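Written out below as C-alpha cells is the structure these notes cover.
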Amino acid sequence: MATPMELRCWGGDWDLPSVHFESLIVLAYGKFAGAKISVKPIDWTWRTITATVPELHFDGCTVIEPTKILNFLRKQRLNADYELTAKQGADTMAYIALLEEKLRPALLHTFWVDAENYINLTRPWFASHSPFPLNFFVPGRQASLALSRIMLTKGESPYCTLTEVEGKIYSEAKECLNLLSHRLGTSQYFFGNTPTSLDAFVFGYIAPLHKAPLSSGQLQQHLKQLSNLCQFCNVVLRNFFTENPPEPPPAIQEPVDANLQKLTQLVNKESNLIEKMDDNLRSSPQHRPHRSDHRPAARSKNSTPA
Amino acid sequence: MSLAAEAFVGQIAAAEPWPESATLYQPLNDEQILLSDNASSLAVQAYLKMCSLPVRVSCRVNAEFMSPSGKVPFIHVGNQVVSELGPIVQFTKAKGFSLSEGLDDVQRAEMKAYMELVNNMLLTAELYIQWCDDTTAAEISRPRYSSPYSWPLSHILAYQKQWEVRRKMSAIGWAGKSLEQVYEDVSQCCQALSQRLGTQLYFFNKQPTELDALVFGHIFTILTTRLTSDELAERVKVYSNLLSFCKRIEQTFFEESDQSSGSSRYSKGPTLT
C-alpha cells in the first residue's frame, strides 16, 4: 500500500467526516481496517454533478458503491471481518439487508423529501458546497432521485400517495432501529470488542441522523431515545475520527431495556394514532365492497382509544 | 397493507376463528405463474401448513389484479383479504397463531434481518432474471405472463410489467448488474443462509418459523423450475444442507395432505417448456 488510496466523497460537517451516509460507511470501514485512504472531498468541484459518490481510486482502477468498495478493500487484505465466524458473517449480510430495506427509505425521506428539512438544512448545505452554477441543480437532482427511489420501492398500491408511504416507512424505520438496539445490547460493537463491516454500515446510516441539526426529525427523536445506538456513534467518532482524549463513557446500561420497552409501546401507539387519521384508506375503492358492512361498526370500534 | 388497514384487520380478525373456507389465490399454476410469484405463493402455503391452518389453493388468471396490494398470493379468509407474507403473518398472529412467539428479542431481530436478506437478494434476483435478462424475458416470462389473454392485450400487459420491473431495478441500482453478478449475489445469499442453518433442523432450532417458510418457498421453487439455463439451480444445489432442509419441509408439511387442488405444487414447480 505504498501509494495511498484516494476516496472521493462529500465533505464533512456537524462533527462528522462526511455528511453523505454512503461515504461515511467507506470512511468508517477504512479506519476499522487500518487502510491508508486519502480523502478528497468533491465539494466545490464539477464532480458534484458528474461523479457517483463514494468513489475509490487505486492503481488506476475505480470502484463505486460501498459494498463493492468494501469487497475491494478486503481483496487488498484490509479486512476488518477477519475474526468473524461464518455465522457472524452471514448475520452481517442479513443485517445490512435489513438496513437497506427498512432504514434507508426513511433516511432518504428525512433528508431529501421532508419539506422542512430539505429547505432548511439539506438544500442550503449541498448548494453551498457546489460550485456555481451547479448549486442550482445538484440538490434538486438528488432530491428527485431520492423521491423516485422511495416511491418505486415502497410506493406500490394501495400506497399511491406520499403521505401513506411516509407512515409506513417511518414505522418500519423505527422498528429497524429498535431491532438494532436489541441486537447491540450493552456491548461496544456489534460483534464483540472490535468493529467490523456491520459496525461501519450501521455507523454510516445512523451518524448523520444522530448529528445533523434537523428541524423536523421524528426519526431523530426516536434515535435519541435509543441511548446505546447514540453511544455507539459517539464511541466510533471518538475513537476513530477525532484527536481528542477519550472521556469515560456514561453508565447507561440499566435504562436500556426499559427504554426499549417504552419505545416498542410508542411505536404501537403511533400506529394506532396514524390509523385514526387515515380515513382515506378505508374508503379506498381498492377494498372489496362487501367489507362496507363492517365499516360503520369498525369505525365506532376504532374511535375508542386503541 | 398500511398501518391503518393492518390495525383494522387485526381488530376484526381477532374476533373470528379461522374458517374452513379460507382460500389462497395465485395465478394459474401450469401456464401463467412465474418463478417469483410461485416462490411467494409456496412460502405462504408452507407458513399456513406450519400453523396447521387449512387453506384451499385457487388458481385465477387475474389473481394479481384482485389482490389489494397488487402482489400475489393473497388469502381470502372470512371477510378479509390479506396479501403478501408479512401482513399474512400479522393477520394469523391476530387470530392467535404465531410461530415466532418463543423467540427472544435478539432472535426476532435476526429472523427479521434474514427475511429481509431473502427478500432483498433472492426475490430481487428472481425478478431480475425473469424480466431484465432478455432471453428469459422473451422466451419464458412474457409468453407465460400473457398466456391467458388474447392479442393485443397480451402484448401490452407483458411489456407493461417488464417496464415496471426494469424501472424498479434501475431505482435500486440493479440495472447495471450483469447476469453473472446476479448469480454471484444469489450464491452469497445462499451461503449466508446455509451458514446460518448449519446442521440444525430449522433456522431457530427445533421449531419452524416464518423464516423457514420463506426460505423453503424460494429455494424449492428455484430448484424445481426450469429456466433457459440451469445455472441458478446449480448454484443453489452446492449447499447440501439447504437441499435437505427443503426435502425435510416438503416431507413434513406437504406430503401428508392428499388434496387434489394444487397437486402440482409438491410434485414439481411449473415446468417451462
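Following the order of the C-alpha cells, first chain is A, next is B, and so on, with residues numbered from 1 inside each chain and ligands from 1 in the order they appear.
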Check your understanding: Which neighbours of segment 128-143 of chain A fall inside 6 Å, counting only C-alpha atoms, when residues of the same chain fewer than 4 positions from it are skipped, and could you give them as JSON, numbers by chain?
Key -> {"A": [43, 44, 112, 123, 124]}
Just-selected residues, N, CA, C and O atoms written as a PDB file, in the first residue's frame:
ATOM      1  N   ASP A  43     -16.438  18.621  -2.850  1.00  0.00           N
ATOM      2  CA  ASP A  43     -17.133  19.909  -2.686  1.00  0.00           C
ATOM      3  C   ASP A  43     -16.494  20.966  -3.563  1.00  0.00           C
ATOM      4  O   ASP A  43     -15.273  20.994  -3.730  1.00  0.00           O
ATOM      5  N   TRP A  44     -17.306  21.817  -4.096  1.00  0.00           N
ATOM      6  CA  TRP A  44     -16.845  22.956  -4.891  1.00  0.00           C
ATOM      7  C   TRP A  44     -16.096  22.549  -6.151  1.00  0.00           C
ATOM      8  O   TRP A  44     -15.319  23.320  -6.702  1.00  0.00           O
ATOM      9  N   TRP A 112     -34.154  14.349   2.233  1.00  0.00           N
ATOM     10  CA  TRP A 112     -34.369  14.875   0.897  1.00  0.00           C
ATOM     11  C   TRP A 112     -35.807  15.154   0.528  1.00  0.00           C
ATOM     12  O   TRP A 112     -36.069  15.871  -0.423  1.00  0.00           O
ATOM     13  N   ARG A 123     -30.792  21.345   1.374  1.00  0.00           N
ATOM     14  CA  ARG A 123     -30.533  22.092   0.142  1.00  0.00           C
ATOM     15  C   ARG A 123     -29.490  23.192   0.344  1.00  0.00           C
ATOM     16  O   ARG A 123     -28.576  23.304  -0.465  1.00  0.00           O
ATOM     17  N   PRO A 124     -29.602  23.998   1.423  1.00  0.00           N
ATOM     18  CA  PRO A 124     -28.559  25.019   1.612  1.00  0.00           C
ATOM     19  C   PRO A 124     -27.174  24.417   1.726  1.00  0.00           C
ATOM     20  O   PRO A 124     -26.214  24.943   1.166  1.00  0.00           O
TER      21      PRO A 124
END
**Study point:** Shell around segment 6-22 of chain A at 10 Å using only C-alpha atoms, local window under 5 positions removed, as a ChimeraX atom specification
**Key:** /A:27-28,36-44,47-48,51-59,62-67,69,104,107-108,122,125-126,129,200-213,237,241-242
Review point. Can you list, as a VMD selection string, every residue of segment 64-158 of chain A that DSSP puts in helix (DSSP H, G or I)?
Key: chain A and resid 66 to 75 86 to 113 115 to 128 134 to 136 138 to 154
Compute the chain B side of the contact with chain A at 7 Å, counting only C-alpha atoms, and hand it back as a compact mmCIF listing (two decimals) with N, CA, C and O atoms, in the first residue's frame.
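What landed in part.txt:
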# COMPACT_ATOMS: atom_id res chain seq x y z
N SER B 2 -51.46 -0.95 4.74
CA SER B 2 -50.93 0.15 5.54
C SER B 2 -51.19 -0.11 7.00
O SER B 2 -51.90 -1.04 7.38
N LEU B 3 -50.63 0.74 7.83
CA LEU B 3 -50.80 0.58 9.27
C LEU B 3 -52.25 0.59 9.66
O LEU B 3 -52.71 -0.20 10.49
N ALA B 4 -53.00 1.53 9.05
CA ALA B 4 -54.41 1.64 9.42
C ALA B 4 -55.13 0.35 9.09
O ALA B 4 -55.85 -0.20 9.91
N PRO B 68 -55.23 -6.84 -3.05
CA PRO B 68 -55.29 -5.45 -2.60
C PRO B 68 -53.97 -4.70 -2.77
O PRO B 68 -53.97 -3.49 -2.88
N SER B 69 -52.85 -5.40 -2.79
CA SER B 69 -51.61 -4.67 -2.93
C SER B 69 -50.97 -4.89 -4.29
O SER B 69 -49.88 -4.43 -4.55
N GLY B 70 -51.62 -5.65 -5.15
CA GLY B 70 -51.05 -5.90 -6.46
C GLY B 70 -50.07 -7.04 -6.49
O GLY B 70 -49.48 -7.34 -7.51
N ASN B 79 -64.21 -12.46 5.88
CA ASN B 79 -64.49 -11.23 5.15
C ASN B 79 -63.26 -10.43 4.82
O ASN B 79 -63.38 -9.32 4.32
N ASP B 105 -35.91 -11.22 21.93
CA ASP B 105 -35.81 -10.04 21.06
C ASP B 105 -34.66 -10.13 20.08
O ASP B 105 -34.80 -9.75 18.91
N VAL B 106 -33.51 -10.63 20.56
CA VAL B 106 -32.36 -10.69 19.65
C VAL B 106 -32.64 -11.67 18.52
O VAL B 106 -32.34 -11.41 17.35
N ALA B 109 -34.97 -10.17 16.05
CA ALA B 109 -34.24 -9.22 15.19
C ALA B 109 -33.51 -9.98 14.09
O ALA B 109 -33.54 -9.59 12.92
N ALA B 113 -34.08 -9.82 10.09
CA ALA B 113 -32.96 -9.46 9.23
C ALA B 113 -32.79 -10.49 8.12
O ALA B 113 -32.60 -10.14 6.94
N TYR B 114 -32.88 -11.79 8.46
CA TYR B 114 -32.72 -12.82 7.43
C TYR B 114 -33.87 -12.80 6.44
O TYR B 114 -33.67 -13.06 5.25
N GLU B 116 -35.42 -10.15 5.48
CA GLU B 116 -35.11 -9.05 4.57
C GLU B 116 -34.02 -9.44 3.60
O GLU B 116 -34.04 -9.03 2.44
N LEU B 117 -33.06 -10.23 4.07
CA LEU B 117 -31.99 -10.68 3.18
C LEU B 117 -32.56 -11.48 2.04
O LEU B 117 -32.21 -11.29 0.87
N ASN B 120 -34.49 -9.10 -0.20
CA ASN B 120 -33.61 -8.17 -0.88
C ASN B 120 -32.81 -8.86 -1.98
O ASN B 120 -32.65 -8.34 -3.06
N LYS B 168 -38.00 -0.42 -11.53
CA LYS B 168 -37.67 -0.67 -10.13
C LYS B 168 -36.22 -1.11 -10.00
O LYS B 168 -35.52 -0.67 -9.09
N ALA B 171 -34.00 1.79 -10.14
CA ALA B 171 -34.08 2.65 -8.95
C ALA B 171 -33.22 2.09 -7.83
O ALA B 171 -32.65 2.85 -7.04
N ILE B 172 -33.14 0.75 -7.71
CA ILE B 172 -32.35 0.22 -6.61
C ILE B 172 -30.94 -0.12 -7.03
O ILE B 172 -30.18 -0.69 -6.28
N ALA B 192 -24.88 -17.49 3.00
CA ALA B 192 -25.23 -16.93 4.30
C ALA B 192 -26.33 -17.76 4.96
O ALA B 192 -26.25 -18.09 6.15
N LEU B 193 -27.35 -18.14 4.16
CA LEU B 193 -28.44 -18.94 4.73
C LEU B 193 -27.93 -20.30 5.18
O LEU B 193 -28.31 -20.80 6.24
N GLN B 195 -24.91 -21.08 6.10
CA GLN B 195 -24.10 -20.97 7.31
C GLN B 195 -24.97 -20.75 8.53
O GLN B 195 -24.68 -21.24 9.62
N ARG B 196 -26.04 -19.99 8.35
CA ARG B 196 -26.91 -19.74 9.50
C ARG B 196 -27.63 -21.02 9.89
O ARG B 196 -27.85 -21.29 11.06
Check your understanding: Quick one: DSSP strand (DSSP E or B) residues in segment 46-101 of chain A, as a ChimeraX atom specification?
Key -> /A:55-58,61-64
Resulting file, chosen residues, N, CA and C atoms, as a compact mmCIF listing (two decimals), in the first residue's frame:
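Writing done, so here's selection02.txt:
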# COMPACT_ATOMS: atom_id res chain seq x y z
N GLU A 55 -16.33 7.14 -4.33
CA GLU A 55 -15.56 6.55 -5.41
C GLU A 55 -14.15 6.32 -4.90
N LEU A 56 -13.64 5.12 -5.09
CA LEU A 56 -12.29 4.82 -4.62
C LEU A 56 -11.37 4.65 -5.81
N HIS A 57 -10.23 5.34 -5.77
CA HIS A 57 -9.25 5.21 -6.86
C HIS A 57 -8.00 4.58 -6.33
N PHE A 58 -7.54 3.55 -7.00
CA PHE A 58 -6.30 2.93 -6.57
C PHE A 58 -5.66 2.27 -7.76
N CYS A 61 -7.54 1.75 -11.02
CA CYS A 61 -8.92 1.26 -11.11
C CYS A 61 -9.83 2.05 -10.18
N THR A 62 -11.06 2.12 -10.58
CA THR A 62 -12.05 2.91 -9.85
C THR A 62 -13.17 2.00 -9.39
N VAL A 63 -13.54 2.13 -8.15
CA VAL A 63 -14.63 1.30 -7.62
C VAL A 63 -15.68 2.22 -7.03
N ILE A 64 -16.94 1.95 -7.32
CA ILE A 64 -18.01 2.75 -6.72
C ILE A 64 -18.92 1.84 -5.89
Review point. If you count only C-alpha atoms, which residues fall within 8 Å of Val81 of chain B, apart from same-chain ones fewer than 6 positions away, as a ChimeraX atom specification?
Key: /B:67-68,74-75
**Study point:** Residues within 12 Å of segment 155-161 of chain B, only C-alpha atoms, excluding chain neighbours under 3 positions, as a list of chain:residue names
**Key:**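 Final neighbour list, sorted by chain and number: B:Gln32, B:Asn62, B:Glu64, B:Phe65, B:Gly70, B:Leu127, B:Gln130, B:Trp131, B:Cys132, B:Ala137, B:Ala138, B:Ile140, B:Ser141, B:Arg142, B:Pro143, B:Arg144, B:Tyr145, B:Ser146, B:Ser147, B:Pro148, B:Tyr149, B:Ser150, B:Trp151, B:Pro152, B:Glu164, B:Val165, B:Arg166, B:Arg167, B:Lys168.
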Selection export as a short mmCIF file (atom, residue, chain, number, x, y, z; two decimals), in the first residue's frame, atoms kept: N, CA and C atoms:
data_model
loop_
_atom_site.label_atom_id
_atom_site.label_comp_id
_atom_site.auth_asym_id
_atom_site.auth_seq_id
_atom_site.Cartn_x
_atom_site.Cartn_y
_atom_site.Cartn_z
N GLN B 32 -49.29 -19.93 -16.32
CA GLN B 32 -49.11 -18.49 -16.17
C GLN B 32 -48.09 -18.08 -15.13
N ASN B 62 -56.59 -13.66 -13.03
CA ASN B 62 -56.41 -12.26 -12.67
C ASN B 62 -56.08 -12.09 -11.19
N GLU B 64 -53.41 -11.39 -9.68
CA GLU B 64 -52.59 -10.21 -9.39
C GLU B 64 -53.44 -8.95 -9.29
N PHE B 65 -54.46 -8.87 -10.14
CA PHE B 65 -55.28 -7.66 -10.15
C PHE B 65 -56.32 -7.67 -9.05
N GLY B 70 -51.62 -5.65 -5.15
CA GLY B 70 -51.05 -5.90 -6.46
C GLY B 70 -50.07 -7.04 -6.49
N LEU B 127 -36.60 -11.65 -9.83
CA LEU B 127 -37.26 -10.67 -10.71
C LEU B 127 -36.31 -10.23 -11.82
N GLN B 130 -35.97 -12.96 -14.44
CA GLN B 130 -37.18 -13.11 -15.24
C GLN B 130 -37.38 -11.99 -16.22
N TRP B 131 -37.17 -10.75 -15.78
CA TRP B 131 -37.60 -9.63 -16.61
C TRP B 131 -36.48 -8.80 -17.22
N CYS B 132 -35.28 -8.80 -16.60
CA CYS B 132 -34.22 -7.94 -17.15
C CYS B 132 -33.28 -8.70 -18.06
N ALA B 137 -36.75 -13.24 -20.59
CA ALA B 137 -37.97 -12.46 -20.74
C ALA B 137 -38.70 -12.81 -22.03
N ALA B 138 -37.95 -12.94 -23.11
CA ALA B 138 -38.60 -13.20 -24.39
C ALA B 138 -39.12 -14.62 -24.49
N ILE B 140 -39.59 -16.96 -21.91
CA ILE B 140 -40.39 -17.55 -20.84
C ILE B 140 -41.36 -16.56 -20.22
N SER B 141 -40.82 -15.46 -19.67
CA SER B 141 -41.66 -14.60 -18.83
C SER B 141 -42.80 -13.97 -19.60
N ARG B 142 -42.47 -13.33 -20.72
CA ARG B 142 -43.56 -12.62 -21.43
C ARG B 142 -44.60 -13.60 -21.96
N PRO B 143 -44.23 -14.69 -22.61
CA PRO B 143 -45.26 -15.62 -23.08
C PRO B 143 -46.11 -16.17 -21.93
N ARG B 144 -45.44 -16.56 -20.82
CA ARG B 144 -46.21 -17.13 -19.73
C ARG B 144 -47.14 -16.12 -19.09
N TYR B 145 -46.61 -14.92 -18.84
CA TYR B 145 -47.40 -13.90 -18.14
C TYR B 145 -48.65 -13.55 -18.92
N SER B 146 -48.52 -13.53 -20.24
CA SER B 146 -49.65 -13.07 -21.05
C SER B 146 -50.42 -14.22 -21.67
N SER B 147 -50.15 -15.45 -21.27
CA SER B 147 -50.78 -16.59 -21.96
C SER B 147 -52.30 -16.62 -21.87
N PRO B 148 -52.93 -16.19 -20.77
CA PRO B 148 -54.40 -16.28 -20.78
C PRO B 148 -55.08 -15.21 -21.62
N TYR B 149 -54.35 -14.21 -22.05
CA TYR B 149 -55.00 -13.10 -22.75
C TYR B 149 -54.78 -13.20 -24.24
N SER B 150 -55.70 -12.55 -24.99
CA SER B 150 -55.52 -12.57 -26.44
C SER B 150 -54.79 -11.30 -26.87
N TRP B 151 -54.27 -11.34 -28.05
CA TRP B 151 -53.60 -10.19 -28.64
C TRP B 151 -54.64 -9.10 -28.89
N PRO B 152 -54.40 -7.79 -28.71
CA PRO B 152 -53.16 -7.16 -28.29
C PRO B 152 -52.98 -7.00 -26.77
N GLU B 164 -42.25 -1.95 -15.76
CA GLU B 164 -42.34 -1.65 -14.33
C GLU B 164 -41.18 -2.26 -13.58
N VAL B 165 -40.92 -3.54 -13.85
CA VAL B 165 -39.86 -4.23 -13.11
C VAL B 165 -38.51 -3.61 -13.44
N ARG B 166 -38.29 -3.27 -14.72
CA ARG B 166 -36.99 -2.69 -15.08
C ARG B 166 -36.80 -1.33 -14.42
N ARG B 167 -37.89 -0.58 -14.29
CA ARG B 167 -37.78 0.73 -13.63
C ARG B 167 -37.38 0.55 -12.18
N LYS B 168 -38.00 -0.42 -11.53
CA LYS B 168 -37.67 -0.67 -10.13
C LYS B 168 -36.22 -1.11 -10.00
#
Point to revise | Coordinates-based distance that separates atom CA of His222 of chain A from atom CA of Ala94 of chain B (Å, one decimal) | key: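 We find that atom CA of Ala94 of chain B and atom CA of His222 of chain A lie 26.4 Å from each other.
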Exercise: Gln45 of chain B partners within 12 Å, only C-alpha atoms, chain neighbours under 3 positions left out, as a short mmCIF file (atom, residue, chain, number, x, y, z; two decimals) with N, CA, C and O atoms, in the first residue's frame:
data_model
loop_
_atom_site.label_atom_id
_atom_site.label_comp_id
_atom_site.auth_asym_id
_atom_site.auth_seq_id
_atom_site.Cartn_x
_atom_site.Cartn_y
_atom_site.Cartn_z
N ALA B 22 -61.21 -20.86 3.99
CA ALA B 22 -60.15 -19.92 3.64
C ALA B 22 -59.53 -20.32 2.30
O ALA B 22 -59.26 -21.49 2.05
N THR B 23 -59.31 -19.34 1.45
CA THR B 23 -58.78 -19.65 0.12
C THR B 23 -57.55 -18.81 -0.17
O THR B 23 -57.48 -17.65 0.21
N LEU B 24 -56.60 -19.41 -0.88
CA LEU B 24 -55.42 -18.69 -1.29
C LEU B 24 -55.48 -18.57 -2.81
O LEU B 24 -55.70 -19.55 -3.51
N TYR B 25 -55.29 -17.37 -3.31
CA TYR B 25 -55.38 -17.13 -4.76
C TYR B 25 -54.00 -16.90 -5.33
O TYR B 25 -53.22 -16.12 -4.79
N GLN B 26 -53.74 -17.53 -6.46
CA GLN B 26 -52.48 -17.31 -7.17
C GLN B 26 -52.76 -17.45 -8.65
O GLN B 26 -53.81 -17.95 -9.04
N ASN B 38 -44.44 -17.80 -7.84
CA ASN B 38 -44.56 -19.16 -7.33
C ASN B 38 -43.85 -19.30 -5.99
O ASN B 38 -44.34 -19.93 -5.06
N ALA B 39 -42.67 -18.65 -5.90
CA ALA B 39 -41.91 -18.72 -4.65
C ALA B 39 -42.70 -18.08 -3.52
O ALA B 39 -42.81 -18.65 -2.42
N SER B 40 -43.26 -16.89 -3.77
CA SER B 40 -44.03 -16.21 -2.71
C SER B 40 -45.23 -17.05 -2.31
O SER B 40 -45.55 -17.18 -1.12
N SER B 41 -45.90 -17.62 -3.31
CA SER B 41 -47.10 -18.40 -3.01
C SER B 41 -46.76 -19.64 -2.19
O SER B 41 -47.44 -19.98 -1.21
N LEU B 42 -45.68 -20.30 -2.58
CA LEU B 42 -45.28 -21.51 -1.86
C LEU B 42 -44.89 -21.18 -0.43
O LEU B 42 -45.17 -21.93 0.51
N LEU B 48 -48.74 -21.44 6.27
CA LEU B 48 -50.06 -21.80 6.78
C LEU B 48 -50.08 -23.26 7.21
O LEU B 48 -50.71 -23.63 8.20
N LYS B 49 -49.35 -24.11 6.45
CA LYS B 49 -49.28 -25.51 6.85
C LYS B 49 -48.57 -25.67 8.18
O LYS B 49 -48.94 -26.48 9.02
N MET B 50 -47.51 -24.84 8.36
CA MET B 50 -46.78 -24.94 9.63
C MET B 50 -47.67 -24.53 10.80
O MET B 50 -47.52 -25.04 11.91
N CYS B 51 -48.59 -23.60 10.55
CA CYS B 51 -49.51 -23.19 11.61
C CYS B 51 -50.69 -24.13 11.71
O CYS B 51 -51.57 -23.91 12.54
N SER B 52 -50.73 -25.14 10.85
CA SER B 52 -51.85 -26.09 10.76
C SER B 52 -53.15 -25.38 10.47
O SER B 52 -54.19 -25.70 11.07
N LEU B 53 -53.13 -24.42 9.59
CA LEU B 53 -54.35 -23.72 9.20
C LEU B 53 -54.75 -24.20 7.82
O LEU B 53 -53.97 -24.12 6.88
N PRO B 54 -55.97 -24.73 7.67
CA PRO B 54 -56.36 -25.26 6.37
C PRO B 54 -56.63 -24.14 5.38
O PRO B 54 -57.23 -23.13 5.73
N VAL B 55 -56.18 -24.33 4.16
CA VAL B 55 -56.47 -23.33 3.14
C VAL B 55 -56.57 -24.02 1.79
O VAL B 55 -55.83 -24.96 1.51
N ARG B 56 -57.52 -23.59 0.96
CA ARG B 56 -57.64 -24.15 -0.39
C ARG B 56 -56.88 -23.25 -1.34
O ARG B 56 -56.95 -22.03 -1.22
N VAL B 57 -56.21 -23.85 -2.30
CA VAL B 57 -55.48 -23.05 -3.28
C VAL B 57 -56.34 -22.92 -4.52
O VAL B 57 -56.77 -23.91 -5.09
N SER B 58 -56.60 -21.69 -4.92
CA SER B 58 -57.43 -21.47 -6.09
C SER B 58 -56.62 -20.69 -7.11
O SER B 58 -56.05 -19.64 -6.79
N VAL B 72 -49.11 -11.17 -5.53
CA VAL B 72 -49.68 -12.48 -5.18
C VAL B 72 -48.73 -13.16 -4.22
O VAL B 72 -47.54 -12.88 -4.25
N PRO B 73 -49.15 -14.12 -3.40
CA PRO B 73 -50.53 -14.56 -3.30
C PRO B 73 -51.31 -13.73 -2.30
O PRO B 73 -50.72 -12.97 -1.55
N PHE B 74 -52.62 -13.91 -2.32
CA PHE B 74 -53.38 -13.29 -1.25
C PHE B 74 -54.38 -14.32 -0.75
O PHE B 74 -54.75 -15.24 -1.45
N ILE B 75 -54.77 -14.15 0.51
CA ILE B 75 -55.73 -15.11 1.08
C ILE B 75 -57.03 -14.40 1.36
O ILE B 75 -57.06 -13.22 1.70
N GLU B 84 -49.56 -10.96 0.63
CA GLU B 84 -48.12 -11.00 0.97
C GLU B 84 -47.82 -11.58 2.34
O GLU B 84 -48.58 -11.40 3.30
N LEU B 85 -46.66 -12.20 2.45
CA LEU B 85 -46.35 -13.00 3.63
C LEU B 85 -46.35 -12.16 4.90
O LEU B 85 -46.90 -12.57 5.93
N ILE B 88 -49.79 -11.36 6.13
CA ILE B 88 -50.48 -12.61 6.48
C ILE B 88 -49.98 -13.12 7.82
O ILE B 88 -50.77 -13.61 8.65
N VAL B 89 -48.68 -13.00 8.07
CA VAL B 89 -48.15 -13.42 9.37
C VAL B 89 -48.79 -12.61 10.48
O VAL B 89 -49.20 -13.15 11.52
N GLU B 210 -41.55 -18.33 10.35
CA GLU B 210 -41.87 -17.79 9.03
C GLU B 210 -40.62 -17.70 8.16
O GLU B 210 -40.71 -17.76 6.93
N ASP B 212 -38.32 -20.00 7.96
CA ASP B 212 -38.20 -21.30 7.31
C ASP B 212 -39.16 -21.39 6.12
O ASP B 212 -38.79 -21.90 5.05
N ALA B 213 -40.39 -20.90 6.32
CA ALA B 213 -41.37 -20.95 5.23
C ALA B 213 -40.87 -20.15 4.02
O ALA B 213 -40.95 -20.58 2.87
N LEU B 214 -40.35 -18.96 4.30
CA LEU B 214 -39.91 -18.08 3.21
C LEU B 214 -38.73 -18.71 2.46
O LEU B 214 -38.73 -18.75 1.21
N PHE B 216 -37.88 -21.85 2.34
CA PHE B 216 -38.35 -23.03 1.62
C PHE B 216 -39.01 -22.63 0.31
O PHE B 216 -38.72 -23.21 -0.75
N GLY B 217 -39.91 -21.64 0.37
CA GLY B 217 -40.63 -21.21 -0.82
C GLY B 217 -39.66 -20.87 -1.95
O GLY B 217 -39.78 -21.34 -3.08
N ILE B 249 -38.84 -30.20 4.84
CA ILE B 249 -40.08 -29.44 4.96
C ILE B 249 -41.14 -29.99 4.01
O ILE B 249 -42.31 -30.10 4.35
N GLU B 250 -40.69 -30.37 2.81
CA GLU B 250 -41.66 -30.92 1.86
C GLU B 250 -42.28 -32.18 2.42
O GLU B 250 -43.49 -32.38 2.37
N PHE B 253 -44.51 -31.29 5.75
CA PHE B 253 -45.73 -30.48 5.68
C PHE B 253 -46.54 -30.66 4.43
O PHE B 253 -47.72 -30.37 4.42
N PHE B 254 -45.92 -31.14 3.34
CA PHE B 254 -46.69 -31.17 2.10
C PHE B 254 -47.13 -32.55 1.69
O PHE B 254 -48.12 -32.70 1.01
N GLY B 262 -53.98 -27.97 -6.30
CA GLY B 262 -52.56 -27.63 -6.19
C GLY B 262 -51.69 -28.85 -6.08
O GLY B 262 -50.65 -28.82 -5.45
N ARG B 265 -48.11 -28.56 -6.97
CA ARG B 265 -47.16 -27.73 -6.23
C ARG B 265 -46.14 -28.55 -5.49
O ARG B 265 -45.05 -28.10 -5.22
N TYR B 266 -46.46 -29.79 -5.11
CA TYR B 266 -45.40 -30.52 -4.46
C TYR B 266 -44.85 -31.66 -5.29
O TYR B 266 -43.95 -32.35 -4.86
#
